[in-house]
Amino acid sequence: MTSTGSFSLRRVLILCQNDLWHSLSGRKGLFFLIPYALFWYLILNKLAAGAAAWLQQPAGLTMAGWMFSPEMAMSLFRNHPPTLSAFYLVALFVLPGFCMLAGCNQLAGDAGRGYFRFLLSRCTRTEIFFGRMLTPFLLTGLATLIAGILSTWIALQTDNHETAEIIAYALHINLILLLYILTLLSLMTLLSARFKSAGATLFSAFMLVVLVKTGSFILKSQWPELTVLDYLLPGHVAGLLVNPEPGMELLGLGLLPIYVLSYGSLAWLLFSRRSL
Amino acid sequence: MVMIEISALSKHYAGVTALDGLDLSINAGGTIGLVGPNGAGKTTLYSLLAGYLRPDSGSVKVFDLPPGDPGLCGRFSILPQDAPLRKSVSVRRQFVFLARLQGMNRKQAEQDVERVLDATGLTGVAGRAPEQLSHGLFKRAAIAQALLGEPELVLLDEPTAGLDPVATREIHGLIRAQGQHRTIIISSHNLDEIQDLCQSIVLLDKGKLVRHASLDELVERLQYLTLTLSAPPVTELATWLTELNGVVNVHLGTSGDRRVVIEFDAENADAFQIQVLELLSRHSIGIENFSRGKDLADSVVDMMANN
């Protein structure tokens, strides 16, 4: 028994291209893109008006120090371009929610409706899986990159840092954000591989967050070491990624691919066995 | 050439056995009918062949490859039962996407889509989204997608279910034309359709193979005559027919049934037929239809009863 074919990147890209077109032209994509664009429009407007520059001032630093920690506030808003740091912070904390919206319909809806039956004589489950994982990544990643580029442009106008420093920091945080998006989406891939509709996937993601946060809050009061439970949700790594202590960012960065591999493998296991 | 090889294939759903150790081998060529009562396992078999489902045990090979193997992409196509095309996207656009997945570049895909749309009479409505099509047109579109490219094997699950007679006839013409170039397997409850289109039959019941044979074998053309009279037969007809040389058995239907099936054992079947026609003429019994062999429906019912 010999196979004459193999995994085809071309088919993955065709699947992804079609899905992207469908997302951008249909309700599915607008459901994510309109709130996302509106949100960043408001944030970038504030940043352009000098909101981040204020965070560099003693009053701003005191407030940021009260919200996070004085060391973190100093690292983010004094040692790095504050506009980009503000963009980075906001992105890290809102991306889990937006990735829920962008990633809730990767596999669920079409598996539940039976649409994949039209594809399975033309491509493999593996290709469908990767194509569907790639689409929301490109959608969210590109939308975030656009916001990142606009933030960089604002930083170049408003922040008192060298241009090279601003560009290097922009590259640094945008690359981290792309990996962070992939991580968040891999959890949605896992849920999407299990459920039959985008709504059910979204609801299950929301419930998972509520359960983990509530469970962790209750358990931590008895057993402080159970703080590790929070790390079931990849969004919790955001705290490590902005932590100024030596090695913490690196630890966070190291965790991101582990999430992608773990959740991605589990998702593939479910999808490969699923009745379509 | 063996196209499909199935060995000891079983599939269960929540305690219900859909396929029970099925062994089946299907050669390439012609149009094959997959028949059986509801719950016989026909759709499950299609789903396993296409890789929608995984078997609980046993093995399936299509072109000597397991379902889902990349080597099968584009070599077979399927009309899935009740699966929807994407909403809000025109049929033409969806077909171009599907054709590109089969390995064509955009230009080739567009040309092939126009060929298929033309062959299926969908050119005029291809700009519409699937939800804007009538049931008949949607079904035709679902069949059309299975004809994109050059699949060697086409699986059609209930291709004419729910269609009006005109649309059914058009689909039959399409299947007949396609059947000359590729192997087609049709699952249907409509035995007239199967008898009309297929050269061989696979009969399933309770997830097991009852019979896999050519249509000629199943309808036993050499041993039976089937007549449809213009009026229900008089009771004496059975006696008159039994008196003819070579008659083994005469089966009259239940009250009101105008069909008569004659089993015979004669060296010269043509001469025997003439004897029957003369007898009917002598008794002024009109006939609407006269055919060599049993109806497929009768054969199937007999086989199921004996299974």
# chains A, B, ... in the order shown; residues from 1 in each chain; ligands from 1
$ residues_around --residues "stretch 248-265 of chain B" --least-positions-apart "4" --cutoff "12 Å" --atoms "only C-alpha atoms" --output "compact mmCIF listing (two decimals) with all heavy atoms, in the first residue's frame"
# COMPACT_ATOMS: atom_id res chain seq x y z
N VAL B 219 -31.85 -10.12 -11.46
CA VAL B 219 -33.23 -10.15 -11.98
C VAL B 219 -33.51 -11.45 -12.72
O VAL B 219 -34.61 -11.67 -13.20
CB VAL B 219 -33.52 -8.93 -12.89
CG1 VAL B 219 -33.41 -7.65 -12.11
CG2 VAL B 219 -32.61 -8.91 -14.10
N GLU B 220 -32.49 -12.31 -12.78
CA GLU B 220 -32.65 -13.66 -13.34
C GLU B 220 -33.39 -13.61 -14.66
O GLU B 220 -34.46 -14.20 -14.83
CB GLU B 220 -33.36 -14.56 -12.32
CG GLU B 220 -32.56 -14.68 -11.03
CD GLU B 220 -33.28 -15.42 -9.95
OE1 GLU B 220 -34.10 -14.81 -9.26
OE2 GLU B 220 -33.04 -16.62 -9.80
N ARG B 221 -32.77 -12.89 -15.59
CA ARG B 221 -33.42 -12.64 -16.87
C ARG B 221 -33.79 -13.93 -17.62
O ARG B 221 -34.73 -13.95 -18.38
CB ARG B 221 -32.49 -11.82 -17.76
CG ARG B 221 -32.33 -10.40 -17.30
CD ARG B 221 -31.73 -9.57 -18.40
NE ARG B 221 -31.10 -8.36 -17.90
CZ ARG B 221 -31.75 -7.27 -17.53
NH1 ARG B 221 -33.07 -7.22 -17.63
NH2 ARG B 221 -31.11 -6.22 -17.10
N LEU B 222 -32.99 -14.99 -17.42
CA LEU B 222 -33.21 -16.20 -18.22
C LEU B 222 -34.32 -17.08 -17.68
O LEU B 222 -34.76 -18.01 -18.33
CB LEU B 222 -31.90 -17.00 -18.31
CG LEU B 222 -30.76 -16.25 -18.97
CD1 LEU B 222 -29.50 -17.10 -18.98
CD2 LEU B 222 -31.13 -15.84 -20.40
N GLN B 223 -34.80 -16.82 -16.47
CA GLN B 223 -35.76 -17.76 -15.88
C GLN B 223 -37.12 -17.14 -15.57
O GLN B 223 -38.01 -17.84 -15.11
CB GLN B 223 -35.19 -18.32 -14.58
CG GLN B 223 -33.96 -19.17 -14.81
CD GLN B 223 -33.18 -19.33 -13.52
OE1 GLN B 223 -32.70 -18.36 -12.95
NE2 GLN B 223 -33.11 -20.56 -13.05
N TYR B 224 -37.25 -15.87 -15.78
CA TYR B 224 -38.50 -15.21 -15.37
C TYR B 224 -39.04 -14.30 -16.46
O TYR B 224 -38.28 -13.71 -17.24
CB TYR B 224 -38.27 -14.36 -14.11
CG TYR B 224 -38.08 -15.16 -12.86
CD1 TYR B 224 -36.82 -15.63 -12.50
CD2 TYR B 224 -39.17 -15.46 -12.03
CE1 TYR B 224 -36.64 -16.38 -11.36
CE2 TYR B 224 -38.99 -16.21 -10.88
CZ TYR B 224 -37.71 -16.67 -10.54
OH TYR B 224 -37.54 -17.41 -9.40
N LEU B 225 -40.37 -14.19 -16.48
CA LEU B 225 -41.04 -13.18 -17.29
C LEU B 225 -41.89 -12.36 -16.32
O LEU B 225 -42.53 -12.91 -15.43
CB LEU B 225 -41.98 -13.82 -18.31
CG LEU B 225 -41.37 -14.50 -19.53
CD1 LEU B 225 -42.50 -15.08 -20.39
CD2 LEU B 225 -40.56 -13.50 -20.35
N THR B 226 -41.90 -11.04 -16.52
CA THR B 226 -42.74 -10.20 -15.68
C THR B 226 -43.71 -9.44 -16.58
O THR B 226 -43.29 -8.78 -17.54
CB THR B 226 -41.89 -9.20 -14.87
OG1 THR B 226 -40.97 -9.95 -14.06
CG2 THR B 226 -42.76 -8.34 -13.97
N LEU B 227 -44.99 -9.58 -16.28
CA LEU B 227 -46.01 -8.91 -17.08
C LEU B 227 -46.77 -7.92 -16.21
O LEU B 227 -47.08 -8.22 -15.06
CB LEU B 227 -47.04 -9.91 -17.64
CG LEU B 227 -46.54 -11.05 -18.50
CD1 LEU B 227 -46.43 -12.32 -17.70
CD2 LEU B 227 -47.50 -11.24 -19.64
N THR B 228 -47.08 -6.78 -16.79
CA THR B 228 -48.01 -5.88 -16.12
C THR B 228 -49.25 -5.82 -17.00
O THR B 228 -49.19 -5.39 -18.16
CB THR B 228 -47.41 -4.47 -15.97
OG1 THR B 228 -46.14 -4.58 -15.33
CG2 THR B 228 -48.32 -3.58 -15.14
N LEU B 229 -50.36 -6.32 -16.45
CA LEU B 229 -51.60 -6.41 -17.23
C LEU B 229 -52.33 -5.07 -17.19
O LEU B 229 -52.08 -4.23 -16.33
CB LEU B 229 -52.49 -7.51 -16.66
CG LEU B 229 -51.83 -8.91 -16.53
CD1 LEU B 229 -52.81 -9.90 -15.92
CD2 LEU B 229 -51.35 -9.40 -17.88
N SER B 230 -53.25 -4.91 -18.14
CA SER B 230 -54.00 -3.64 -18.16
C SER B 230 -55.10 -3.64 -17.10
O SER B 230 -55.67 -2.59 -16.79
CB SER B 230 -54.58 -3.39 -19.54
OG SER B 230 -55.21 -4.54 -20.02
N ALA B 231 -55.40 -4.83 -16.54
CA ALA B 231 -56.38 -4.91 -15.45
C ALA B 231 -55.93 -6.03 -14.51
O ALA B 231 -55.16 -6.90 -14.92
CB ALA B 231 -57.76 -5.23 -16.01
N PRO B 232 -56.36 -6.02 -13.26
CA PRO B 232 -55.99 -7.13 -12.37
C PRO B 232 -56.37 -8.48 -12.98
O PRO B 232 -57.43 -8.59 -13.61
CB PRO B 232 -56.79 -6.84 -11.10
CG PRO B 232 -57.03 -5.37 -11.13
CD PRO B 232 -57.19 -5.01 -12.57
N PRO B 233 -55.51 -9.49 -12.85
CA PRO B 233 -55.76 -10.77 -13.54
C PRO B 233 -56.96 -11.54 -12.98
O PRO B 233 -57.26 -11.44 -11.79
CB PRO B 233 -54.46 -11.53 -13.31
CG PRO B 233 -53.87 -10.93 -12.09
CD PRO B 233 -54.28 -9.51 -12.06
N VAL B 234 -57.60 -12.27 -13.88
CA VAL B 234 -58.67 -13.17 -13.41
C VAL B 234 -58.01 -14.34 -12.69
O VAL B 234 -56.86 -14.67 -12.97
CB VAL B 234 -59.52 -13.69 -14.61
CG1 VAL B 234 -60.33 -12.56 -15.21
CG2 VAL B 234 -58.64 -14.35 -15.66
N THR B 235 -58.72 -14.94 -11.77
CA THR B 235 -58.10 -15.99 -10.93
C THR B 235 -57.68 -17.20 -11.76
O THR B 235 -56.73 -17.90 -11.41
CB THR B 235 -59.06 -16.45 -9.83
OG1 THR B 235 -60.36 -16.62 -10.39
CG2 THR B 235 -59.13 -15.45 -8.69
N GLU B 236 -58.39 -17.43 -12.90
CA GLU B 236 -58.05 -18.60 -13.72
C GLU B 236 -56.71 -18.45 -14.43
O GLU B 236 -56.15 -19.43 -14.92
CB GLU B 236 -59.13 -18.85 -14.79
CG GLU B 236 -60.49 -19.21 -14.25
CD GLU B 236 -61.36 -17.98 -14.01
OE1 GLU B 236 -60.80 -16.85 -13.92
OE2 GLU B 236 -62.58 -18.12 -13.91
N LEU B 237 -56.20 -17.24 -14.50
CA LEU B 237 -54.99 -17.01 -15.28
C LEU B 237 -53.83 -17.90 -14.82
O LEU B 237 -53.10 -18.45 -15.64
CB LEU B 237 -54.57 -15.52 -15.20
CG LEU B 237 -53.33 -15.16 -16.02
CD1 LEU B 237 -53.53 -15.43 -17.51
CD2 LEU B 237 -52.94 -13.70 -15.82
N ALA B 238 -53.71 -18.07 -13.52
CA ALA B 238 -52.61 -18.89 -12.99
C ALA B 238 -52.73 -20.31 -13.53
O ALA B 238 -51.73 -20.93 -13.94
CB ALA B 238 -52.63 -18.88 -11.47
N THR B 239 -53.95 -20.85 -13.55
CA THR B 239 -54.17 -22.22 -14.03
C THR B 239 -53.82 -22.30 -15.52
O THR B 239 -53.13 -23.23 -15.96
CB THR B 239 -55.65 -22.61 -13.83
OG1 THR B 239 -56.05 -22.16 -12.55
CG2 THR B 239 -55.86 -24.10 -13.96
N TRP B 240 -54.31 -21.32 -16.31
CA TRP B 240 -54.04 -21.35 -17.75
C TRP B 240 -52.54 -21.32 -18.02
O TRP B 240 -52.04 -22.05 -18.87
CB TRP B 240 -54.69 -20.13 -18.45
CG TRP B 240 -56.19 -20.10 -18.35
CD1 TRP B 240 -57.05 -21.15 -18.17
CD2 TRP B 240 -57.00 -18.92 -18.41
NE1 TRP B 240 -58.35 -20.73 -18.11
CE2 TRP B 240 -58.36 -19.34 -18.25
CE3 TRP B 240 -56.76 -17.56 -18.56
CZ2 TRP B 240 -59.44 -18.46 -18.27
CZ3 TRP B 240 -57.83 -16.70 -18.60
CH2 TRP B 240 -59.15 -17.13 -18.44
N LEU B 241 -51.84 -20.45 -17.27
CA LEU B 241 -50.39 -20.32 -17.50
C LEU B 241 -49.65 -21.60 -17.10
O LEU B 241 -48.72 -22.03 -17.77
CB LEU B 241 -49.82 -19.12 -16.73
CG LEU B 241 -50.17 -17.74 -17.29
CD1 LEU B 241 -49.82 -16.63 -16.29
CD2 LEU B 241 -49.41 -17.49 -18.60
N THR B 242 -50.07 -22.20 -15.99
CA THR B 242 -49.39 -23.40 -15.49
C THR B 242 -49.50 -24.55 -16.50
O THR B 242 -48.62 -25.42 -16.54
CB THR B 242 -50.01 -23.82 -14.14
OG1 THR B 242 -50.12 -22.67 -13.33
CG2 THR B 242 -49.17 -24.85 -13.41
N GLU B 243 -50.54 -24.51 -17.33
CA GLU B 243 -50.73 -25.58 -18.31
C GLU B 243 -49.76 -25.47 -19.49
O GLU B 243 -49.60 -26.41 -20.26
CB GLU B 243 -52.18 -25.55 -18.83
CG GLU B 243 -53.18 -26.10 -17.81
CD GLU B 243 -54.63 -25.76 -18.16
OE1 GLU B 243 -54.85 -25.11 -19.19
OE2 GLU B 243 -55.50 -26.15 -17.37
N LEU B 244 -49.11 -24.30 -19.60
CA LEU B 244 -48.15 -24.14 -20.70
C LEU B 244 -46.90 -24.98 -20.45
O LEU B 244 -46.50 -25.18 -19.30
CB LEU B 244 -47.71 -22.67 -20.83
CG LEU B 244 -48.74 -21.66 -21.33
CD1 LEU B 244 -48.14 -20.25 -21.28
CD2 LEU B 244 -49.16 -21.98 -22.76
N ALA B 269 -36.45 -19.65 -24.94
CA ALA B 269 -37.18 -18.63 -24.17
C ALA B 269 -38.06 -17.78 -25.08
O ALA B 269 -39.16 -17.38 -24.69
CB ALA B 269 -36.19 -17.75 -23.42
N ASP B 270 -37.58 -17.51 -26.32
CA ASP B 270 -38.37 -16.68 -27.24
C ASP B 270 -39.68 -17.37 -27.60
O ASP B 270 -40.75 -16.75 -27.61
CB ASP B 270 -37.58 -16.38 -28.51
CG ASP B 270 -36.38 -15.48 -28.20
OD1 ASP B 270 -36.46 -14.75 -27.19
OD2 ASP B 270 -35.39 -15.51 -28.95
N ALA B 271 -39.59 -18.66 -27.88
CA ALA B 271 -40.80 -19.42 -28.23
C ALA B 271 -41.75 -19.46 -27.04
O ALA B 271 -42.97 -19.34 -27.20
CB ALA B 271 -40.41 -20.85 -28.63
N PHE B 272 -41.18 -19.56 -25.85
CA PHE B 272 -42.02 -19.59 -24.65
C PHE B 272 -42.77 -18.26 -24.48
O PHE B 272 -43.96 -18.23 -24.18
CB PHE B 272 -41.15 -19.87 -23.41
CG PHE B 272 -41.93 -19.87 -22.14
CD1 PHE B 272 -42.73 -20.97 -21.79
CD2 PHE B 272 -41.93 -18.77 -21.29
CE1 PHE B 272 -43.48 -20.95 -20.63
CE2 PHE B 272 -42.66 -18.75 -20.13
CZ PHE B 272 -43.44 -19.85 -19.80
N GLN B 273 -42.06 -17.18 -24.75
CA GLN B 273 -42.69 -15.85 -24.63
C GLN B 273 -43.88 -15.75 -25.59
O GLN B 273 -44.93 -15.20 -25.24
CB GLN B 273 -41.68 -14.76 -24.99
CG GLN B 273 -40.77 -14.40 -23.85
CD GLN B 273 -39.76 -13.35 -24.24
OE1 GLN B 273 -38.64 -13.41 -23.77
NE2 GLN B 273 -40.11 -12.42 -25.09
N GLN B 275 -45.71 -18.16 -26.74
CA GLN B 275 -46.81 -18.97 -26.18
C GLN B 275 -47.62 -18.16 -25.17
O GLN B 275 -48.85 -18.18 -25.17
CB GLN B 275 -46.24 -20.17 -25.44
CG GLN B 275 -45.89 -21.37 -26.27
CD GLN B 275 -45.56 -22.52 -25.31
OE1 GLN B 275 -46.47 -23.06 -24.67
NE2 GLN B 275 -44.30 -22.87 -25.21
N VAL B 276 -46.90 -17.44 -24.31
CA VAL B 276 -47.57 -16.65 -23.26
C VAL B 276 -48.41 -15.56 -23.89
O VAL B 276 -49.59 -15.35 -23.54
CB VAL B 276 -46.53 -16.05 -22.28
CG1 VAL B 276 -47.19 -15.08 -21.31
CG2 VAL B 276 -45.82 -17.15 -21.52
N LEU B 280 -52.55 -15.02 -23.69
CA LEU B 280 -53.19 -13.79 -23.23
C LEU B 280 -54.13 -13.26 -24.29
O LEU B 280 -55.23 -12.78 -24.00
CB LEU B 280 -52.12 -12.73 -22.89
CG LEU B 280 -51.20 -13.07 -21.72
CD1 LEU B 280 -50.09 -12.03 -21.58
CD2 LEU B 280 -51.99 -13.14 -20.41
N ILE B 285 -56.77 -10.74 -22.77
CA ILE B 285 -56.16 -10.06 -21.61
C ILE B 285 -55.13 -9.06 -22.13
O ILE B 285 -54.18 -9.44 -22.83
CB ILE B 285 -55.49 -11.07 -20.66
CG1 ILE B 285 -56.56 -12.02 -20.10
CG2 ILE B 285 -54.75 -10.38 -19.52
CD1 ILE B 285 -56.01 -13.20 -19.32
N GLY B 286 -55.36 -7.80 -21.85
CA GLY B 286 -54.45 -6.75 -22.33
C GLY B 286 -53.20 -6.66 -21.45
O GLY B 286 -53.25 -6.94 -20.26
N ILE B 287 -52.09 -6.27 -22.08
CA ILE B 287 -50.86 -6.09 -21.28
C ILE B 287 -50.29 -4.69 -21.52
O ILE B 287 -50.37 -4.16 -22.62
CB ILE B 287 -49.78 -7.14 -21.60
CG1 ILE B 287 -49.53 -7.24 -23.11
CG2 ILE B 287 -50.09 -8.47 -21.01
CD1 ILE B 287 -48.35 -8.11 -23.44
N GLU B 288 -49.73 -4.15 -20.45
CA GLU B 288 -49.09 -2.82 -20.55
C GLU B 288 -47.58 -2.95 -20.64
O GLU B 288 -46.92 -2.12 -21.23
CB GLU B 288 -49.45 -1.97 -19.32
CG GLU B 288 -50.82 -1.37 -19.42
CD GLU B 288 -51.17 -0.51 -18.21
OE1 GLU B 288 -50.30 -0.36 -17.31
OE2 GLU B 288 -52.30 -0.03 -18.16
N ASN B 289 -47.08 -3.97 -20.01
CA ASN B 289 -45.63 -4.12 -20.00
C ASN B 289 -45.27 -5.60 -19.95
O ASN B 289 -45.96 -6.39 -19.30
CB ASN B 289 -45.04 -3.38 -18.77
CG ASN B 289 -43.55 -3.21 -18.89
OD1 ASN B 289 -43.00 -3.27 -19.99
ND2 ASN B 289 -42.89 -3.03 -17.76
N PHE B 290 -44.21 -5.94 -20.67
CA PHE B 290 -43.81 -7.33 -20.75
C PHE B 290 -42.28 -7.33 -20.74
O PHE B 290 -41.65 -6.74 -21.60
CB PHE B 290 -44.32 -7.89 -22.09
CG PHE B 290 -44.10 -9.36 -22.29
CD1 PHE B 290 -45.13 -10.27 -22.05
CD2 PHE B 290 -42.88 -9.86 -22.73
CE1 PHE B 290 -44.94 -11.62 -22.26
CE2 PHE B 290 -42.68 -11.20 -22.93
CZ PHE B 290 -43.72 -12.09 -22.70
N SER B 291 -41.68 -7.95 -19.71
CA SER B 291 -40.21 -7.90 -19.68
C SER B 291 -39.63 -9.23 -19.24
O SER B 291 -40.26 -9.99 -18.50
CB SER B 291 -39.72 -6.80 -18.75
OG SER B 291 -40.18 -7.03 -17.45
N ARG B 292 -38.42 -9.50 -19.76
CA ARG B 292 -37.69 -10.71 -19.39
C ARG B 292 -37.06 -10.46 -18.03
O ARG B 292 -36.46 -9.41 -17.80
CB ARG B 292 -36.61 -10.96 -20.45
CG ARG B 292 -35.85 -12.26 -20.34
CD ARG B 292 -36.60 -13.46 -20.88
NE ARG B 292 -36.80 -13.48 -22.32
CZ ARG B 292 -35.89 -13.90 -23.21
NH1 ARG B 292 -34.72 -14.34 -22.79
NH2 ARG B 292 -36.15 -13.91 -24.48
N GLY B 293 -37.18 -11.40 -17.13
CA GLY B 293 -36.57 -11.27 -15.80
C GLY B 293 -37.57 -10.81 -14.76
O GLY B 293 -38.70 -10.43 -15.06
N LYS B 294 -37.10 -10.86 -13.52
CA LYS B 294 -37.92 -10.39 -12.40
C LYS B 294 -37.68 -8.90 -12.20
O LYS B 294 -36.64 -8.38 -12.59
CB LYS B 294 -37.46 -11.08 -11.11
CG LYS B 294 -38.13 -12.36 -10.77
CD LYS B 294 -37.30 -13.05 -9.73
CE LYS B 294 -37.98 -13.24 -8.43
NZ LYS B 294 -37.13 -13.98 -7.49
N ASP B 295 -38.58 -8.22 -11.54
CA ASP B 295 -38.30 -6.85 -11.12
C ASP B 295 -37.22 -6.90 -10.05
O ASP B 295 -37.20 -7.82 -9.23
CB ASP B 295 -39.56 -6.22 -10.51
CG ASP B 295 -40.25 -5.35 -11.53
OD1 ASP B 295 -39.86 -5.42 -12.71
OD2 ASP B 295 -41.16 -4.61 -11.13
N ASP B 298 -38.65 -7.23 -6.63
CA ASP B 298 -39.04 -8.58 -6.23
C ASP B 298 -37.82 -9.37 -5.76
O ASP B 298 -37.86 -10.07 -4.75
CB ASP B 298 -39.71 -9.32 -7.40
CG ASP B 298 -41.06 -8.72 -7.73
OD1 ASP B 298 -41.72 -8.22 -6.80
OD2 ASP B 298 -41.43 -8.72 -8.91
N SER B 299 -36.73 -9.23 -6.54
CA SER B 299 -35.51 -9.95 -6.18
C SER B 299 -35.00 -9.52 -4.81
O SER B 299 -34.61 -10.35 -3.98
CB SER B 299 -34.40 -9.69 -7.20
OG SER B 299 -34.76 -10.20 -8.43
$ closest_atom_pairs --of "chain B" --to "chain A" --cutoff "6 Å" --atoms "only C-alpha atoms" --output "CSV"
residue,atom,partner,partner_atom,distance
B:Tyr52,CA,A:Leu276,CA,4.7
B:Leu53,CA,A:Ser275,CA,4.9
B:Asp64,CA,A:Met1,CA,5.9
B:Gly68,CA,A:Thr124,CA,5.7
B:Pro70,CA,A:Gly5,CA,4.7
B:Gly71,CA,A:Gly5,CA,3.9
B:Cys73,CA,A:Arg122,CA,4.4
B:Gly74,CA,A:Arg122,CA,5.0
B:Ser77,CA,A:Ser121,CA,5.6
B:Ala83,CA,A:Gly114,CA,5.2
B:Pro84,CA,A:Tyr115,CA,5.9
B:Leu101,CA,A:Arg11,CA,5.7
B:Gln102,CA,A:Arg122,CA,5.5
$ closest_residue --among "B:Gly39, B:Pro66, B:Gly30, B:Gly149" --to "B:Gln111" --atoms "only C-alpha atoms"
B:Gly149
$ select_by_dssp --residues "stretch 120-273 of chain B" --states "strand (DSSP E)" --output "PyMOL selection string"
chain B and resi 153-157+183-187+200-205+208-214+224-229+247-252+259-264
$ closest_residue --among "A:Leu84, A:Leu202, A:Leu42, A:Ile128" --to "A:Leu185" --atoms "only C-alpha atoms"
A:Leu202
$ residues_around --residues "B:Val96" --least-positions-apart "6" --cutoff "10 Å" --atoms "only C-alpha atoms" --output "number ranges by chain"
B: 102, 104-114, 145, 148
$ closest_residue --among "B:Arg75, B:Arg211, B:Lys139, B:His283" --to "B:Asp302" --atoms "only C-alpha atoms"
B:Arg211
$ residues_around --residues "A:Gly50" --least-positions-apart "6" --cutoff "12 Å" --atoms "only C-alpha atoms" --output "list in words"
Ile43, Leu44, Gln56, Gln57, Gly60, Pro82, Thr83, Leu84, Ala86, Ser151, Ile154, Ala155, Leu156, Gln157, Thr158, Asp159 and Asn160 of chain A
$ residues_around --residues "stretch 225-233 of chain A" --least-positions-apart "4" --cutoff "10 Å" --atoms "only C-alpha atoms" --output "VMD selection string"
chain A and resid 96 183 to 184 187 205 208 to 209 212 to 221 237 255 259
$ residues_around --residues "B:Val2" --least-positions-apart "3" --cutoff "12 Å" --atoms "only C-alpha atoms" --output "list in words"
Glu5, Ile6, Leu24, Ser25, Ile26, Asn27, Ala28, Gly29, Lys61, Val62, Phe63, Asp64, Leu65, Leu153 and Thr183 of chain B
$ write_last_selection --atoms "C-alpha atoms" --output "compact mmCIF listing (two decimals), in the first residue's frame"
# COMPACT_ATOMS: atom_id res chain seq x y z
CA GLU B 5 -11.61 -3.37 -0.61
CA ILE B 6 -13.45 -3.73 2.67
CA LEU B 24 -16.86 -6.33 0.20
CA SER B 25 -14.75 -5.84 -2.87
CA ILE B 26 -15.78 -3.55 -5.73
CA ASN B 27 -14.01 -3.43 -9.06
CA ALA B 28 -13.53 -0.30 -11.14
CA GLY B 29 -15.96 0.44 -13.95
CA LYS B 61 -9.13 0.73 1.30
CA VAL B 62 -9.99 2.88 -1.67
CA PHE B 63 -7.48 2.59 -4.54
CA ASP B 64 -5.47 0.51 -2.09
CA LEU B 65 -5.17 3.48 0.28
CA LEU B 153 -14.85 7.20 -8.36
CA THR B 183 -17.09 4.37 -11.61
$ select_by_dssp --residues "stretch 4-126 of chain A" --states "helix (DSSP H, G or I)" --output "number ranges by chain"
A: 9-25, 27-48, 51-56, 58-67, 70-79, 82-103, 108-113, 116-119, 125-126
$ atom_distance --atom1 "atom CA of A:Pro35" --atom2 "atom CA of A:Trp66"
29.4 Å
$ residues_around --residues "A:Ala73" --least-positions-apart "3" --cutoff "9 Å" --atoms "only C-alpha atoms" --output "PyMOL selection string"
chain A and resi 55-56+60-70+76-78
$ write_last_selection --atoms "C-alpha atoms" --output "compact mmCIF listing (two decimals), in the first residue's frame"
# COMPACT_ATOMS: atom_id res chain seq x y z
CA LEU A 55 2.72 57.99 32.14
CA GLN A 56 6.41 58.97 31.95
CA GLY A 60 1.79 58.95 35.78
CA LEU A 61 4.52 56.68 37.10
CA THR A 62 3.03 56.79 40.61
CA MET A 63 -0.36 55.77 39.27
CA ALA A 64 1.09 53.03 37.05
CA GLY A 65 3.22 51.86 39.98
CA TRP A 66 0.10 51.61 42.10
CA MET A 67 -1.67 49.60 39.38
CA PHE A 68 1.23 47.22 38.67
CA SER A 69 4.43 47.71 40.66
CA PRO A 70 6.83 50.64 40.81
CA LEU A 76 7.60 50.05 30.93
CA PHE A 77 7.15 53.80 30.91
CA ARG A 78 10.59 55.21 31.70
$ atom_distance --atom1 "atom CA of A:Leu92" --atom2 "atom CA of A:Ala143"
14.1 Å
$ atom_distance --atom1 "atom CA of B:Pro55" --atom2 "atom CA of B:Ala8"
10.1 Å
